[in-house]
Amino acid sequence: MAKPEFEGLWDTHKPYTVPKDVVEPIIKHPGASKMDQNIMQKILDKHREGIVVKQVAAGREFKGCPFYSKPAVIHFKDFDVGKSYKKKVILTNVSYSVNYCKLTGITEHLKDFITLLFDPPGQMSAGMTCEMLVTFKPMINEDLEGKVDFLAQTGPFSIPLKCTTKKCDLSLDTKVTDFGTSVIGETLKRTVVLTNNGALGTTFEFVKMSGFKPRTVTTAETSVGRLTTADSPRVSLDAEEVDEKGKGKGMDKDKGKKAEKEKIPEKPPVEAEKEGELAGMDAVQEGEGEKDVAKEPVAEDGGTPDVLSTVEFPFLSEAEDFGALDGLKVGQVSSGEIGPFSSVKLDIIWNPGIPGRIDTDFVVSFTDPLSESIMVKALGNAIDVPCWVEQQAIDLKICMYDRLYQDTVTVNNRATTALRLTYEVCKELRNHLEILPKTGYIQAQSQFSAQLKFLPRPSIAEEAGQYFDKETGVLEAPMVIRVADQARPVPFTVHAVVTNSDMEFDITDIDFGHCTIYESVKTTVKLTNKSILPQQFGFIGIPEYVDVQPNDGFGTLLPLETIELDIIFSPKKARNYNFELTCKSLINRSFKITCKGIGAHPLLDLSHQVIHFAATALNDVSTATFHVINSHTSMNEYTHPVPRIGKGEIAPVGPTSYEFVVPEGSPLTISPAVGTVNPGEKCRIQLRYTPALPDPVIRVEGVKMAVKAMEARAERDFQEAMLKEKESQEQAMKKKQPGKKPSPKGKPRGPTTSSSEGSFVKGPSSVKVPTAESIDRQSDAYAQAHASLLRQYKGGFQSCVIPCYVASGKTGNPGDLKYSIHNTIYLEVHCPSVKPQLVVISDNGRTTTDFGDVSIGQNVTKSVTVQNISEHTLDISTSMLDPVGPFQMLNALRTLDPDDSHTILFSFTPNNGQVFHEVQELRTQTSTLFITLTGQGVSPKVNLSLEEEYLDMGAVLINEYVEKSFKIKNTSSLAIEYRIKLDGNSLLRHAKGQGLPQFIKRDPKTRSFVGVQNNNGQSVFDCVPSEGMIPAGSTTEVTVTFAPDHGSEYYSDGIRIELFGQEEQHTFQVKGVCMPHIMFVTGGDEITPEVESLSVLPVLEDDEEIKPGPIPVLLTFKSISTETEFTVATRELLVGCVRTMAVSQKKNGEFSFENTKDINAKGFELDPPKGQVESGTKKPVTFTWTPPAGHDPNQPAEANILVTVKGDVSDQYKVMLRAMVVSE
């Protein structure tokens, strides 16, 4: 290699020396055996295998060679022994990320000749390069092959290394030299070029092989086929080696190689020399006039030389070799040296002396033992006719039927006198071939030209007979020129390939059917070229309502080619069409297609036949509008086009209905899809385009993601099981260790056990792959697959054709329109889709935020995180939410750079119990992200465990209290916050008390629950707990305490239960009675008002004693009078005993009625007249009244009775009985 002009960096710093562990992979230790070295080498290889790691980038694992080598193969070509060669190899990191490169070794048999200088560069980023210098110093002249091994982070790789010696690469530019036809005495010369493309020179010899002389072959190796022989001293060229057609077979290389491997018995040099002399003598005896015979050369040591050509051919002079009568001989250069990468011109000279064909072989032999001899065949034809044709074969190329082709036949006269010529054509071709003139005179030493005319007709296949091949169309016509006074005619041949000029349509009759004037119908036909010549074609005279594509019906058909042509029929008016399409070729041949169709004028028109949507992001929406027009206002066909099918009836004027049918699975929506248009009016139609990923594609991706998740879960479970197994084994070992004691000699006592028991944990469990149909649309796997495909989407385009069916009359329901298929109009929609710029990354990519069930008045906040997945910075704007609605966006938006994300907060505060649904639009420059907000306002519901509409606390003594409880049950689906309020503690109590008292108004609607209260200012009623949270479906117990400070029967208050501090769910009244003594009577009619009087009570003197009278109780009876009798009136009076907290007082009481006979006389009865009452209970006393005989129904009955109650004290109650008769 050439030395560089400037020194490189590798010459200015200390080169890196390869470590011994790299150059010598076999680690040798002093005193180590061969087995130890092999074990160490296996351990080292196993350690190196652990260094290799997988390289994964962007979810893809790198596979293949991590470094690219330049050059790919280190090749030291054509080297010389003893010289030094260097090559620089550049290694480039082509892996996905940072990688390492370490030299691990070189092929064993190359270590004595190859030196590697490689400085490991350390970490190399992707695309970085490093260099290695390879030095080759050959010591032997042999080809070497091997490789240089490296170890990278991703695995080992190697670079092939080759070292090749100098060789000869000899070849001739041609193996056959054709002199053509020559006249006797003419000298021709042909040149062949011998080229050596190798780096080794050699000596060559160019000789002629005589077909009549023997040649000798020595026992040494030969370059021509490497033939050896010892059995026969004479080798002759058999007649079989020369082909009948003049093509020599040459020497068989395979046989030569096989013969080279055979063992040949060696003979003494003297015997070999004698055999060579005998062979030479035989050659002299057989050749007449042959004097010089080439003998086999003998080496100086008496042996056979190995470097010379082993095959020697007899080289005779012109005068002595009768084989030279063919006129062929070698030129001036017959031998010499050919250097590396050079060429030599070798001449073959032909001077024929006798007429006839020649076929002679020439051979080029070489002294290089690895180079085989090369054969050259010389062909020629010598003639002795005075007149000859310049073109022995007139080739008319490819001809078509019924076309005229001409050529010139030129005849030369070498004679010194004028000759008469007559052209003859065989009788089979006289109808197709003609030569003019048929007879002529050619002057001495001049030329004569005749005109050849060829007009092939289709009948040539039957008339030409043996001269014409019907299958291939090849014509070979022998022609003869008769020369006066010459017995031998001058022949020549006319060659031609005859083909037809047909072109064929696969369809000759086309029926386009019905087509509206706004649409086009396309039919595809195939045009085939039956000729073996290319033909140009074109459709001419095409009507204005027909179009032929491509290239408007013009083009070129290659031989036997078939192309498809689209014939488009676009009628301009409603009528019947019948026409012909004419296709003409360049030779003016016509091929016709008959066509027909019916044009239809539909009842309605579309303002746009084709709609092009802008590129729309997935899950975005694009809209377009167009109109359906009813322009049919008159049936006069002479003033304007009228709707009709062909020449059929004209459609009536009136309302016309339409129905758009969108193909299933299309991302398009039309509104309204069905409608009616009156004459002269138009209807606005909105077309909505919403591109989305196909559901099957998402399900397939969902299956992949689900399988990955299950595999990860199985691997995690396996690792946990392995960890538990390991821990259990360690614990078992710890338990065994304390019980074991080492023996004095260090041997364990008892049977030995393995330190580690076999693990029962198998590998990760197999994963059952789910089916695509099992992936639920609401599952996380489906949402994750959808989000993943959004990021991988590359864009798409979809074209959709929507039919619009039209019929006269009105219709309202889809599918009920009775239409004619021939009146159908079509809308073509082009729908491009692109990758969205903004996506949701929270909640597995779902764009719907469901707040769920939220109680009225409660506020719930949720977040939605969006990310910019485009390559541009996005300015985001939003749509306006309902200002009085329950949804609000709590934070502002900001500009998002690529791959940035932003979290948006939304709150939901329902104000009534219904389902709320709003869509928040996040708009970017080219797309819109729709975030659906949904939630349901739930009215909280609770139930109370009250048996009546009020809570009766019973009776209690003054300054004592009683407790009762009720339960609040949450029957709604969410937790409820409640609060209990008393009307007696309300700030509005006194304002509401300024009105008329209840006993005056007697209005139940405005009745106040607040009754008598304590005089000490404390609340007489109390509820514990008064507020709290009730989970969904749970129950809370509330305790009501009644603690009066003075006696009254009209203690009451209103209890209101509010939920979430706003809605009042339940309201009821709580009542209580406070008695000064434990015994009391109640249940009579109201005598005094419930409201205590605020008047000043009279002050009594200390010495004045007022004896209290009986306490009045009023009972009113009403007996219903019928035609035959009076009904019995019944009332109840309750005698109660207060449960006291005092220990010293009597717990039970008793009662008794006095003078019951007085009331019996007036029809009153009671039961029981006396009895005992237990503490804390009430005992009913039943009074009945039956009008006695002779009672005046117009007069009331009155009676009084005293009842004495005894408890801690005795009290009397005066029960006043009032009875009357009433009618129904």
# chains A, B, ... in the order shown; residues from 1 in each chain; ligands from 1

call {"tool": "select_by_dssp", "arguments": {"residues": "range 482-535 of chain A", "states": "strand (DSSP E or B)", "output": "PyMOL selection string"}}
result
chain A and resi 482-483+490-499+503-505+509-516+521-529+535

call {"tool": "write_last_selection", "arguments": {"atoms": "N, CA, C and O atoms", "output": "compact mmCIF listing (two decimals), in the first residue's frame"}}
result
# COMPACT_ATOMS: atom_id res chain seq x y z
N ARG A 482 -29.90 -16.64 -61.52
CA ARG A 482 -29.30 -17.40 -62.62
C ARG A 482 -28.38 -16.48 -63.42
O ARG A 482 -28.77 -15.39 -63.82
N VAL A 483 -27.11 -16.99 -63.62
CA VAL A 483 -26.11 -16.25 -64.40
C VAL A 483 -25.89 -17.00 -65.70
O VAL A 483 -25.71 -18.23 -65.71
N VAL A 490 -26.42 -18.31 -58.13
CA VAL A 490 -26.07 -17.56 -56.92
C VAL A 490 -27.29 -17.58 -55.98
O VAL A 490 -28.32 -16.98 -56.30
N PRO A 491 -27.19 -18.25 -54.82
CA PRO A 491 -28.36 -18.29 -53.90
C PRO A 491 -28.28 -17.18 -52.85
O PRO A 491 -27.20 -16.71 -52.48
N PHE A 492 -29.41 -16.81 -52.41
CA PHE A 492 -29.53 -15.94 -51.21
C PHE A 492 -30.91 -16.21 -50.60
O PHE A 492 -31.77 -16.82 -51.22
N THR A 493 -31.06 -15.76 -49.38
CA THR A 493 -32.26 -16.09 -48.61
C THR A 493 -32.92 -14.81 -48.10
O THR A 493 -32.22 -13.86 -47.69
N VAL A 494 -34.24 -14.82 -48.14
CA VAL A 494 -35.04 -13.72 -47.61
C VAL A 494 -35.69 -14.19 -46.30
O VAL A 494 -36.41 -15.19 -46.29
N HIS A 495 -35.38 -13.45 -45.22
CA HIS A 495 -35.94 -13.78 -43.90
C HIS A 495 -36.94 -12.71 -43.49
O HIS A 495 -36.71 -11.51 -43.74
N ALA A 496 -37.99 -13.14 -42.87
CA ALA A 496 -39.00 -12.19 -42.36
C ALA A 496 -39.84 -12.90 -41.29
O ALA A 496 -39.99 -14.13 -41.31
N VAL A 497 -40.36 -12.10 -40.39
CA VAL A 497 -41.33 -12.58 -39.40
C VAL A 497 -42.64 -11.86 -39.69
O VAL A 497 -42.71 -10.63 -39.60
N VAL A 498 -43.65 -12.64 -40.04
CA VAL A 498 -44.93 -12.06 -40.45
C VAL A 498 -45.89 -12.14 -39.27
O VAL A 498 -46.05 -13.20 -38.64
N THR A 499 -46.50 -11.04 -38.98
CA THR A 499 -47.47 -10.97 -37.88
C THR A 499 -48.69 -10.20 -38.34
O THR A 499 -48.66 -9.47 -39.35
N MET A 503 -56.02 -5.78 -33.12
CA MET A 503 -56.23 -5.39 -31.73
C MET A 503 -57.63 -5.86 -31.34
O MET A 503 -58.57 -5.73 -32.15
N GLU A 504 -57.79 -6.36 -30.12
CA GLU A 504 -59.04 -7.00 -29.74
C GLU A 504 -59.55 -6.46 -28.41
O GLU A 504 -58.79 -6.30 -27.45
N PHE A 505 -60.84 -6.15 -28.38
CA PHE A 505 -61.53 -5.76 -27.13
C PHE A 505 -62.18 -7.00 -26.52
O PHE A 505 -62.75 -7.83 -27.24
N ASP A 509 -69.91 -5.01 -26.80
CA ASP A 509 -71.21 -4.38 -26.54
C ASP A 509 -71.25 -3.95 -25.08
O ASP A 509 -71.08 -4.78 -24.18
N ILE A 510 -71.50 -2.66 -24.86
CA ILE A 510 -71.54 -2.10 -23.51
C ILE A 510 -72.91 -1.51 -23.27
O ILE A 510 -73.39 -0.69 -24.07
N ASP A 511 -73.53 -1.91 -22.16
CA ASP A 511 -74.80 -1.33 -21.73
C ASP A 511 -74.54 -0.59 -20.43
O ASP A 511 -74.30 -1.20 -19.37
N PHE A 512 -74.54 0.74 -20.48
CA PHE A 512 -74.29 1.55 -19.28
C PHE A 512 -75.48 1.57 -18.33
O PHE A 512 -75.33 1.99 -17.18
N GLY A 513 -76.65 1.17 -18.78
CA GLY A 513 -77.83 1.19 -17.92
C GLY A 513 -78.32 2.61 -17.70
O GLY A 513 -78.16 3.50 -18.54
N HIS A 514 -78.95 2.85 -16.55
CA HIS A 514 -79.49 4.16 -16.21
C HIS A 514 -78.44 4.98 -15.48
O HIS A 514 -77.73 4.48 -14.61
N CYS A 515 -78.37 6.23 -15.84
CA CYS A 515 -77.42 7.15 -15.21
C CYS A 515 -78.04 8.54 -15.18
O CYS A 515 -78.61 8.99 -16.19
N THR A 516 -77.96 9.21 -14.03
CA THR A 516 -78.50 10.56 -13.93
C THR A 516 -77.57 11.55 -14.61
O THR A 516 -76.38 11.27 -14.83
N VAL A 521 -71.09 6.92 -15.26
CA VAL A 521 -70.99 5.47 -15.15
C VAL A 521 -69.71 5.06 -15.86
O VAL A 521 -69.46 5.48 -16.99
N LYS A 522 -68.92 4.24 -15.18
CA LYS A 522 -67.63 3.81 -15.74
C LYS A 522 -67.67 2.31 -16.01
O LYS A 522 -68.11 1.53 -15.18
N THR A 523 -67.17 1.94 -17.19
CA THR A 523 -67.02 0.54 -17.57
C THR A 523 -65.58 0.32 -18.02
O THR A 523 -65.06 1.12 -18.81
N THR A 524 -64.98 -0.72 -17.55
CA THR A 524 -63.58 -1.02 -17.88
C THR A 524 -63.54 -2.11 -18.94
O THR A 524 -64.16 -3.17 -18.79
N VAL A 525 -62.82 -1.83 -20.03
CA VAL A 525 -62.62 -2.80 -21.10
C VAL A 525 -61.13 -3.07 -21.23
O VAL A 525 -60.29 -2.25 -20.85
N LYS A 526 -60.81 -4.25 -21.76
CA LYS A 526 -59.43 -4.63 -21.97
C LYS A 526 -59.13 -4.65 -23.46
O LYS A 526 -59.86 -5.27 -24.24
N LEU A 527 -58.06 -3.98 -23.84
CA LEU A 527 -57.61 -3.91 -25.24
C LEU A 527 -56.31 -4.68 -25.35
O LEU A 527 -55.34 -4.40 -24.63
N THR A 528 -56.29 -5.68 -26.24
CA THR A 528 -55.14 -6.57 -26.38
C THR A 528 -54.54 -6.40 -27.77
O THR A 528 -55.25 -6.37 -28.78
N ASN A 529 -53.20 -6.31 -27.81
CA ASN A 529 -52.47 -6.25 -29.06
C ASN A 529 -52.08 -7.67 -29.46
O ASN A 529 -51.29 -8.32 -28.78
N GLN A 535 -48.08 -1.16 -31.35
CA GLN A 535 -49.03 -0.44 -32.18
C GLN A 535 -49.58 0.76 -31.40
O GLN A 535 -49.92 0.65 -30.21

call {"tool": "select_by_dssp", "arguments": {"residues": "range 688-746 of chain A", "states": "helix (DSSP H, G or I)", "output": "number ranges by chain"}}
result
A: 695-739

call {"tool": "residues_around", "arguments": {"residues": "Gly1136 in chain A", "least_positions_apart": "6", "cutoff": "8 Å", "atoms": "only C-alpha atoms", "output": "PDB file with all heavy atoms, in the first residue's frame"}}
result
ATOM      1  N   ILE A1078     -98.388  12.747  90.332  1.00  0.00           N
ATOM      2  CA  ILE A1078     -98.140  11.587  89.463  1.00  0.00           C
ATOM      3  C   ILE A1078     -99.408  11.118  88.782  1.00  0.00           C
ATOM      4  O   ILE A1078     -99.353  10.506  87.717  1.00  0.00           O
ATOM      5  CB  ILE A1078     -97.496  10.450  90.261  1.00  0.00           C
ATOM      6  CG1 ILE A1078     -98.428   9.954  91.352  1.00  0.00           C
ATOM      7  CG2 ILE A1078     -96.160  10.874  90.841  1.00  0.00           C
ATOM      8  CD1 ILE A1078     -97.926   8.714  92.070  1.00  0.00           C
ATOM      9  N   MET A1079    -100.620  11.354  89.386  1.00  0.00           N
ATOM     10  CA  MET A1079    -101.864  10.911  88.790  1.00  0.00           C
ATOM     11  C   MET A1079    -102.505  12.060  88.051  1.00  0.00           C
ATOM     12  O   MET A1079    -102.544  13.195  88.547  1.00  0.00           O
ATOM     13  CB  MET A1079    -102.808  10.354  89.857  1.00  0.00           C
ATOM     14  CG  MET A1079    -102.351   9.041  90.499  1.00  0.00           C
ATOM     15  SD  MET A1079    -102.206   7.687  89.324  1.00  0.00           S
ATOM     16  CE  MET A1079    -103.916   7.481  88.860  1.00  0.00           C
ATOM     17  N   PHE A1080    -103.091  11.752  86.861  1.00  0.00           N
ATOM     18  CA  PHE A1080    -103.763  12.771  86.066  1.00  0.00           C
ATOM     19  C   PHE A1080    -104.760  12.088  85.163  1.00  0.00           C
ATOM     20  O   PHE A1080    -104.703  10.880  84.922  1.00  0.00           O
ATOM     21  CB  PHE A1080    -102.749  13.586  85.257  1.00  0.00           C
ATOM     22  CG  PHE A1080    -102.023  12.765  84.221  1.00  0.00           C
ATOM     23  CD1 PHE A1080    -102.497  12.684  82.923  1.00  0.00           C
ATOM     24  CD2 PHE A1080    -100.881  12.045  84.560  1.00  0.00           C
ATOM     25  CE1 PHE A1080    -101.848  11.936  81.981  1.00  0.00           C
ATOM     26  CE2 PHE A1080    -100.223  11.294  83.610  1.00  0.00           C
ATOM     27  CZ  PHE A1080    -100.702  11.232  82.318  1.00  0.00           C
ATOM     28  N   VAL A1081    -105.695  12.942  84.695  1.00  0.00           N
ATOM     29  CA  VAL A1081    -106.747  12.477  83.786  1.00  0.00           C
ATOM     30  C   VAL A1081    -106.657  13.339  82.540  1.00  0.00           C
ATOM     31  O   VAL A1081    -106.602  14.582  82.626  1.00  0.00           O
ATOM     32  CB  VAL A1081    -108.135  12.571  84.421  1.00  0.00           C
ATOM     33  CG1 VAL A1081    -109.217  12.155  83.412  1.00  0.00           C
ATOM     34  CG2 VAL A1081    -108.230  11.698  85.664  1.00  0.00           C
ATOM     35  N   THR A1082    -106.717  12.700  81.389  1.00  0.00           N
ATOM     36  CA  THR A1082    -106.639  13.418  80.126  1.00  0.00           C
ATOM     37  C   THR A1082    -107.459  12.696  79.092  1.00  0.00           C
ATOM     38  O   THR A1082    -107.960  11.595  79.319  1.00  0.00           O
ATOM     39  CB  THR A1082    -105.173  13.514  79.651  1.00  0.00           C
ATOM     40  OG1 THR A1082    -105.110  14.300  78.483  1.00  0.00           O
ATOM     41  CG2 THR A1082    -104.602  12.127  79.349  1.00  0.00           C
ATOM     42  N   VAL A1173    -103.442   2.089  88.226  1.00  0.00           N
ATOM     43  CA  VAL A1173    -102.620   2.489  87.069  1.00  0.00           C
ATOM     44  C   VAL A1173    -101.163   2.342  87.457  1.00  0.00           C
ATOM     45  O   VAL A1173    -100.730   2.901  88.488  1.00  0.00           O
ATOM     46  CB  VAL A1173    -102.915   3.932  86.628  1.00  0.00           C
ATOM     47  CG1 VAL A1173    -102.074   4.287  85.402  1.00  0.00           C
ATOM     48  CG2 VAL A1173    -104.388   4.120  86.357  1.00  0.00           C
ATOM     49  N   GLY A1176     -95.982   5.167  84.814  1.00  0.00           N
ATOM     50  CA  GLY A1176     -95.556   5.359  83.426  1.00  0.00           C
ATOM     51  C   GLY A1176     -96.539   4.852  82.412  1.00  0.00           C
ATOM     52  O   GLY A1176     -96.206   4.805  81.220  1.00  0.00           O
ATOM     53  N   THR A1177     -97.774   4.521  82.794  1.00  0.00           N
ATOM     54  CA  THR A1177     -98.759   4.011  81.848  1.00  0.00           C
ATOM     55  C   THR A1177    -100.031   4.823  81.944  1.00  0.00           C
ATOM     56  O   THR A1177    -100.222   5.615  82.854  1.00  0.00           O
ATOM     57  CB  THR A1177     -99.070   2.540  82.124  1.00  0.00           C
ATOM     58  OG1 THR A1177     -99.633   2.418  83.438  1.00  0.00           O
ATOM     59  CG2 THR A1177     -97.810   1.676  82.019  1.00  0.00           C
ATOM     60  N   LYS A1178    -100.917   4.601  80.963  1.00  0.00           N
ATOM     61  CA  LYS A1178    -102.241   5.221  80.934  1.00  0.00           C
ATOM     62  C   LYS A1178    -103.268   4.118  80.764  1.00  0.00           C
ATOM     63  O   LYS A1178    -103.082   3.229  79.924  1.00  0.00           O
ATOM     64  CB  LYS A1178    -102.354   6.227  79.778  1.00  0.00           C
ATOM     65  CG  LYS A1178    -101.465   7.434  79.908  1.00  0.00           C
ATOM     66  CD  LYS A1178    -101.628   8.370  78.721  1.00  0.00           C
ATOM     67  CE  LYS A1178    -100.720   9.572  78.792  1.00  0.00           C
ATOM     68  NZ  LYS A1178    -100.886  10.476  77.639  1.00  0.00           N
ATOM     69  N   LYS A1179    -104.358   4.258  81.568  1.00  0.00           N
ATOM     70  CA  LYS A1179    -105.401   3.248  81.498  1.00  0.00           C
ATOM     71  C   LYS A1179    -106.662   3.882  80.951  1.00  0.00           C
ATOM     72  O   LYS A1179    -107.140   4.899  81.455  1.00  0.00           O
ATOM     73  CB  LYS A1179    -105.690   2.663  82.877  1.00  0.00           C
ATOM     74  CG  LYS A1179    -106.610   1.445  82.836  1.00  0.00           C
ATOM     75  CD  LYS A1179    -106.643   0.737  84.174  1.00  0.00           C
ATOM     76  CE  LYS A1179    -107.450  -0.540  84.091  1.00  0.00           C
ATOM     77  NZ  LYS A1179    -107.480  -1.265  85.358  1.00  0.00           N
TER      78      LYS A1179
END

call {"tool": "residues_around", "arguments": {"residues": "range 1180-1191 of chain A", "least_positions_apart": "5", "cutoff": "12 Å", "atoms": "only C-alpha atoms", "output": "PyMOL selection string"}}
result
chain A and resi 1081-1084+1114-1121+1125-1137+1151-1153+1156+1159-1173+1196-1199+1201+1203+1215-1222

call {"tool": "closest_residue", "arguments": {"among": "A:Gly648, A:Gly146, A:Pro156, A:Gly331", "to": "Cys65 in chain A", "atoms": "only C-alpha atoms"}}
result
A:Pro156
